[in-house]
Amino acid sequence: IKMAEPIATQILNGKAIAADIRKQVKDEINILKQTNPQFLPKLVIVQVGDRDDSNVYIRMKTRAATEIGIVFEHIKLSSSTKEDELLSTINKLNSDTSVHAILLQLPLDTVHDIDAEKCTDAISVHKDVDGLTVLNAGKLSRGDLANCIVPCTPQGSLELIKRTGTIISGKKAVVIGRSKIVGAPMAQLLLWHHATVTICHSR
């Protein structure tokens, strides 16, 4: 019996790469401020309810935003918030010229039946920092990577792969899961970087 050749493995230091990216973004913001002293990038996270895991995520975003020089605002709505109230909050942020990025924290922790996709898609495509609106997702699916915002986890995963020096083109890739936030966009990113992609899911 011929044994398969061992596959070379590499441990990826995500923390070091993340720190390097934060420094790069901070430097880019400082350059923009030099040419436009009035420029003050602002991120707003809208949260409904009080999920512990969401609170942890938001604290991490707060620290990262502060570190790189982004103004951060956390709008925390009660679990009794209704869909029209959430949409009203999002629409106000869309119209606020001081706000550059909006993130709707998911899942929504609410006692009411709120259409999360409808509310996510209500975010201005230019402020959709999560890349989850129909327009951004559609552009990604068509390979228009230069004109769309890509969800952060797939984008971060792709950056990790690139920093290993691996050439993606021509490779066989397996993506486990097909969620709209991670699995599906990850597969699309790899596809448009010319990998042959297999998606594994529970059904």
# chains A, B, ... in the order shown; residues from 1 in each chain; ligands from 1

$ residues_around --residues "region 64-71 of chain A" --least-positions-apart "6" --cutoff "6 Å" --atoms "only C-alpha atoms" --output "list in words"
Lys26, Pro41 and Lys42 of chain A

$ write_last_selection --atoms "N, CA and C atoms" --output "mmCIF file, in the first residue's frame"
data_model
loop_
_atom_site.group_PDB
_atom_site.id
_atom_site.type_symbol
_atom_site.label_atom_id
_atom_site.label_comp_id
_atom_site.auth_asym_id
_atom_site.auth_seq_id
_atom_site.Cartn_x
_atom_site.Cartn_y
_atom_site.Cartn_z
ATOM 1 N N LYS A 26 -4.537 52.488 10.966
ATOM 2 C CA LYS A 26 -4.288 53.692 11.753
ATOM 3 C C LYS A 26 -3.418 54.677 10.976
ATOM 4 N N PRO A 41 -13.465 59.545 10.961
ATOM 5 C CA PRO A 41 -14.262 58.354 10.648
ATOM 6 C C PRO A 41 -15.054 57.877 11.861
ATOM 7 N N LYS A 42 -16.292 57.484 11.614
ATOM 8 C CA LYS A 42 -17.171 57.101 12.722
ATOM 9 C C LYS A 42 -17.915 55.807 12.396
#

$ residues_around --residues "Thr164 (chain A)" --least-positions-apart "6" --cutoff "10 Å" --atoms "only C-alpha atoms" --output "PyMOL selection string"
chain A and resi 10-12

$ write_last_selection --atoms "all heavy atoms" --output "compact mmCIF listing (two decimals), in the first residue's frame"
# COMPACT_ATOMS: atom_id res chain seq x y z
N GLN A 10 1.11 24.80 8.48
CA GLN A 10 1.68 26.05 8.97
C GLN A 10 0.73 26.68 9.97
O GLN A 10 -0.47 26.79 9.71
CB GLN A 10 1.92 27.00 7.79
CG GLN A 10 2.52 28.33 8.20
CD GLN A 10 2.78 29.23 6.99
OE1 GLN A 10 2.64 28.80 5.85
NE2 GLN A 10 3.16 30.46 7.24
N ILE A 11 1.26 27.04 11.11
CA ILE A 11 0.44 27.71 12.13
C ILE A 11 0.37 29.20 11.79
O ILE A 11 1.40 29.85 11.59
CB ILE A 11 1.03 27.51 13.54
CG1 ILE A 11 1.01 26.02 13.91
CG2 ILE A 11 0.24 28.32 14.57
CD1 ILE A 11 1.67 25.72 15.24
N LEU A 12 -0.84 29.73 11.71
CA LEU A 12 -1.02 31.13 11.37
C LEU A 12 -1.21 31.96 12.64
O LEU A 12 -2.08 31.64 13.47
CB LEU A 12 -2.24 31.30 10.46
CG LEU A 12 -2.23 30.44 9.18
CD1 LEU A 12 -3.50 30.71 8.38
CD2 LEU A 12 -1.00 30.70 8.35

$ closest_residue --among "A:Gly183, A:Gly177, A:Pro107, A:Gly165" --to "Asp53 (chain A)" --atoms "only C-alpha atoms"
A:Pro107

$ closest_residue --among "A:Gln105, A:Gln34, A:Ser141, A:Thr196" --to "Asp128 (chain A)" --atoms "only C-alpha atoms"
A:Gln105

$ atom_distance --atom1 "CA of Ile102 (chain A)" --atom2 "CA of Ile199 (chain A)"
29.7 Å

$ residues_around --residues "Glu159 (chain A)" --least-positions-apart "5" --cutoff "10 Å" --atoms "only C-alpha atoms" --output "list in words"
Gly14, Ile17, Ala18, Ile21, Thr153, Pro154 and Thr164 of chain A

$ select_by_dssp --residues "region 106-145 of chain A" --states "helix (DSSP H, G or I)" --output "NGL selection string"
:A and (116-121 or 134-141 or 145)

$ select_by_dssp --residues "region 30-179 of chain A" --states "strand (DSSP E or B)" --output "PyMOL selection string"
chain A and resi 42-48+71-77+101-104+128+172-176

$ residues_around --residues "Gly131 (chain A)" --least-positions-apart "4" --cutoff "8 Å" --atoms "only C-alpha atoms" --output "ChimeraX atom specification"
/A:125,136-137,148-152

$ write_last_selection --atoms "C-alpha atoms" --output "mmCIF file, in the first residue's frame"
data_model
loop_
_atom_site.group_PDB
_atom_site.id
_atom_site.type_symbol
_atom_site.label_atom_id
_atom_site.label_comp_id
_atom_site.auth_asym_id
_atom_site.auth_seq_id
_atom_site.Cartn_x
_atom_site.Cartn_y
_atom_site.Cartn_z
ATOM 1 C CA VAL A 125 -24.778 50.209 0.877
ATOM 2 C CA ASN A 136 -22.901 44.193 -1.630
ATOM 3 C CA ALA A 137 -23.619 40.462 -1.493
ATOM 4 C CA CYS A 148 -18.242 45.855 -2.837
ATOM 5 C CA ILE A 149 -17.713 45.513 0.890
ATOM 6 C CA VAL A 150 -16.869 41.935 1.886
ATOM 7 C CA PRO A 151 -17.952 40.418 5.253
ATOM 8 C CA CYS A 152 -15.109 40.688 7.758
#

$ closest_residue --among "A:Asp96, A:Lys171, A:Ser88, A:Ala187" --to "Ser157 (chain A)" --atoms "only C-alpha atoms"
A:Ala187

$ decode --residues "region 21-51 of chain A" --atoms "N, CA and C atoms" --output "PDB file, in the first residue's frame"
ATOM      1  N   ILE A  21      -2.483  44.791  10.715  1.00  0.00           N
ATOM      2  CA  ILE A  21      -3.539  45.424   9.921  1.00  0.00           C
ATOM      3  C   ILE A  21      -4.071  46.667  10.631  1.00  0.00           C
ATOM      4  N   ARG A  22      -4.257  46.571  11.950  1.00  0.00           N
ATOM      5  CA  ARG A  22      -4.731  47.739  12.707  1.00  0.00           C
ATOM      6  C   ARG A  22      -3.743  48.901  12.595  1.00  0.00           C
ATOM      7  N   LYS A  23      -2.462  48.585  12.657  1.00  0.00           N
ATOM      8  CA  LYS A  23      -1.446  49.637  12.515  1.00  0.00           C
ATOM      9  C   LYS A  23      -1.514  50.258  11.121  1.00  0.00           C
ATOM     10  N   GLN A  24      -1.695  49.423  10.117  1.00  0.00           N
ATOM     11  CA  GLN A  24      -1.786  49.922   8.743  1.00  0.00           C
ATOM     12  C   GLN A  24      -2.991  50.841   8.575  1.00  0.00           C
ATOM     13  N   VAL A  25      -4.132  50.434   9.132  1.00  0.00           N
ATOM     14  CA  VAL A  25      -5.342  51.253   9.036  1.00  0.00           C
ATOM     15  C   VAL A  25      -5.158  52.568   9.796  1.00  0.00           C
ATOM     16  N   LYS A  26      -4.537  52.488  10.966  1.00  0.00           N
ATOM     17  CA  LYS A  26      -4.288  53.692  11.753  1.00  0.00           C
ATOM     18  C   LYS A  26      -3.418  54.677  10.976  1.00  0.00           C
ATOM     19  N   ASP A  27      -2.385  54.166  10.317  1.00  0.00           N
ATOM     20  CA  ASP A  27      -1.503  55.022   9.518  1.00  0.00           C
ATOM     21  C   ASP A  27      -2.265  55.657   8.356  1.00  0.00           C
ATOM     22  N   GLU A  28      -3.141  54.883   7.714  1.00  0.00           N
ATOM     23  CA  GLU A  28      -3.920  55.411   6.594  1.00  0.00           C
ATOM     24  C   GLU A  28      -4.873  56.504   7.060  1.00  0.00           C
ATOM     25  N   ILE A  29      -5.476  56.314   8.231  1.00  0.00           N
ATOM     26  CA  ILE A  29      -6.374  57.333   8.784  1.00  0.00           C
ATOM     27  C   ILE A  29      -5.601  58.607   9.083  1.00  0.00           C
ATOM     28  N   ASN A  30      -4.402  58.472   9.650  1.00  0.00           N
ATOM     29  CA  ASN A  30      -3.584  59.644   9.971  1.00  0.00           C
ATOM     30  C   ASN A  30      -3.194  60.411   8.705  1.00  0.00           C
ATOM     31  N   ILE A  31      -2.923  59.690   7.627  1.00  0.00           N
ATOM     32  CA  ILE A  31      -2.592  60.345   6.356  1.00  0.00           C
ATOM     33  C   ILE A  31      -3.798  61.132   5.837  1.00  0.00           C
ATOM     34  N   LEU A  32      -4.981  60.520   5.937  1.00  0.00           N
ATOM     35  CA  LEU A  32      -6.199  61.206   5.507  1.00  0.00           C
ATOM     36  C   LEU A  32      -6.452  62.454   6.343  1.00  0.00           C
ATOM     37  N   LYS A  33      -6.168  62.373   7.634  1.00  0.00           N
ATOM     38  CA  LYS A  33      -6.382  63.522   8.516  1.00  0.00           C
ATOM     39  C   LYS A  33      -5.412  64.650   8.204  1.00  0.00           C
ATOM     40  N   GLN A  34      -4.221  64.285   7.715  1.00  0.00           N
ATOM     41  CA  GLN A  34      -3.250  65.317   7.357  1.00  0.00           C
ATOM     42  C   GLN A  34      -3.719  66.126   6.160  1.00  0.00           C
ATOM     43  N   THR A  35      -4.343  65.444   5.208  1.00  0.00           N
ATOM     44  CA  THR A  35      -4.837  66.140   4.017  1.00  0.00           C
ATOM     45  C   THR A  35      -6.212  66.762   4.248  1.00  0.00           C
ATOM     46  N   ASN A  36      -6.948  66.209   5.221  1.00  0.00           N
ATOM     47  CA  ASN A  36      -8.276  66.725   5.549  1.00  0.00           C
ATOM     48  C   ASN A  36      -8.460  66.698   7.060  1.00  0.00           C
ATOM     49  N   PRO A  37      -8.007  67.747   7.749  1.00  0.00           N
ATOM     50  CA  PRO A  37      -8.046  67.778   9.222  1.00  0.00           C
ATOM     51  C   PRO A  37      -9.447  67.577   9.814  1.00  0.00           C
ATOM     52  N   GLN A  38     -10.492  67.837   9.036  1.00  0.00           N
ATOM     53  CA  GLN A  38     -11.855  67.696   9.536  1.00  0.00           C
ATOM     54  C   GLN A  38     -12.359  66.258   9.466  1.00  0.00           C
ATOM     55  N   PHE A  39     -11.600  65.390   8.798  1.00  0.00           N
ATOM     56  CA  PHE A  39     -12.034  64.004   8.617  1.00  0.00           C
ATOM     57  C   PHE A  39     -11.975  63.249   9.942  1.00  0.00           C
ATOM     58  N   LEU A  40     -13.104  62.663  10.315  1.00  0.00           N
ATOM     59  CA  LEU A  40     -13.178  61.909  11.565  1.00  0.00           C
ATOM     60  C   LEU A  40     -14.063  60.680  11.334  1.00  0.00           C
ATOM     61  N   PRO A  41     -13.465  59.545  10.961  1.00  0.00           N
ATOM     62  CA  PRO A  41     -14.262  58.354  10.648  1.00  0.00           C
ATOM     63  C   PRO A  41     -15.054  57.877  11.861  1.00  0.00           C
ATOM     64  N   LYS A  42     -16.292  57.484  11.614  1.00  0.00           N
ATOM     65  CA  LYS A  42     -17.171  57.101  12.722  1.00  0.00           C
ATOM     66  C   LYS A  42     -17.915  55.807  12.396  1.00  0.00           C
ATOM     67  N   LEU A  43     -17.860  54.876  13.333  1.00  0.00           N
ATOM     68  CA  LEU A  43     -18.572  53.605  13.247  1.00  0.00           C
ATOM     69  C   LEU A  43     -19.666  53.568  14.303  1.00  0.00           C
ATOM     70  N   VAL A  44     -20.865  53.148  13.893  1.00  0.00           N
ATOM     71  CA  VAL A  44     -21.974  52.989  14.840  1.00  0.00           C
ATOM     72  C   VAL A  44     -22.441  51.541  14.819  1.00  0.00           C
ATOM     73  N   ILE A  45     -22.490  50.929  15.992  1.00  0.00           N
ATOM     74  CA  ILE A  45     -23.058  49.584  16.117  1.00  0.00           C
ATOM     75  C   ILE A  45     -24.428  49.703  16.768  1.00  0.00           C
ATOM     76  N   VAL A  46     -25.419  49.111  16.123  1.00  0.00           N
ATOM     77  CA  VAL A  46     -26.781  49.102  16.660  1.00  0.00           C
ATOM     78  C   VAL A  46     -27.050  47.710  17.212  1.00  0.00           C
ATOM     79  N   GLN A  47     -27.388  47.655  18.480  1.00  0.00           N
ATOM     80  CA  GLN A  47     -27.664  46.384  19.156  1.00  0.00           C
ATOM     81  C   GLN A  47     -29.093  46.393  19.683  1.00  0.00           C
ATOM     82  N   VAL A  48     -29.764  45.275  19.507  1.00  0.00           N
ATOM     83  CA  VAL A  48     -31.100  45.100  20.077  1.00  0.00           C
ATOM     84  C   VAL A  48     -31.010  44.014  21.139  1.00  0.00           C
ATOM     85  N   GLY A  49     -31.337  44.355  22.380  1.00  0.00           N
ATOM     86  CA  GLY A  49     -31.283  43.380  23.462  1.00  0.00           C
ATOM     87  C   GLY A  49     -29.942  43.384  24.173  1.00  0.00           C
ATOM     88  N   ASP A  50     -29.649  42.278  24.867  1.00  0.00           N
ATOM     89  CA  ASP A  50     -28.472  42.259  25.742  1.00  0.00           C
ATOM     90  C   ASP A  50     -27.812  40.879  25.763  1.00  0.00           C
ATOM     91  N   ARG A  51     -27.604  40.289  24.603  1.00  0.00           N
ATOM     92  CA  ARG A  51     -26.933  38.987  24.537  1.00  0.00           C
ATOM     93  C   ARG A  51     -25.489  39.113  25.010  1.00  0.00           C
TER      94      ARG A  51
END
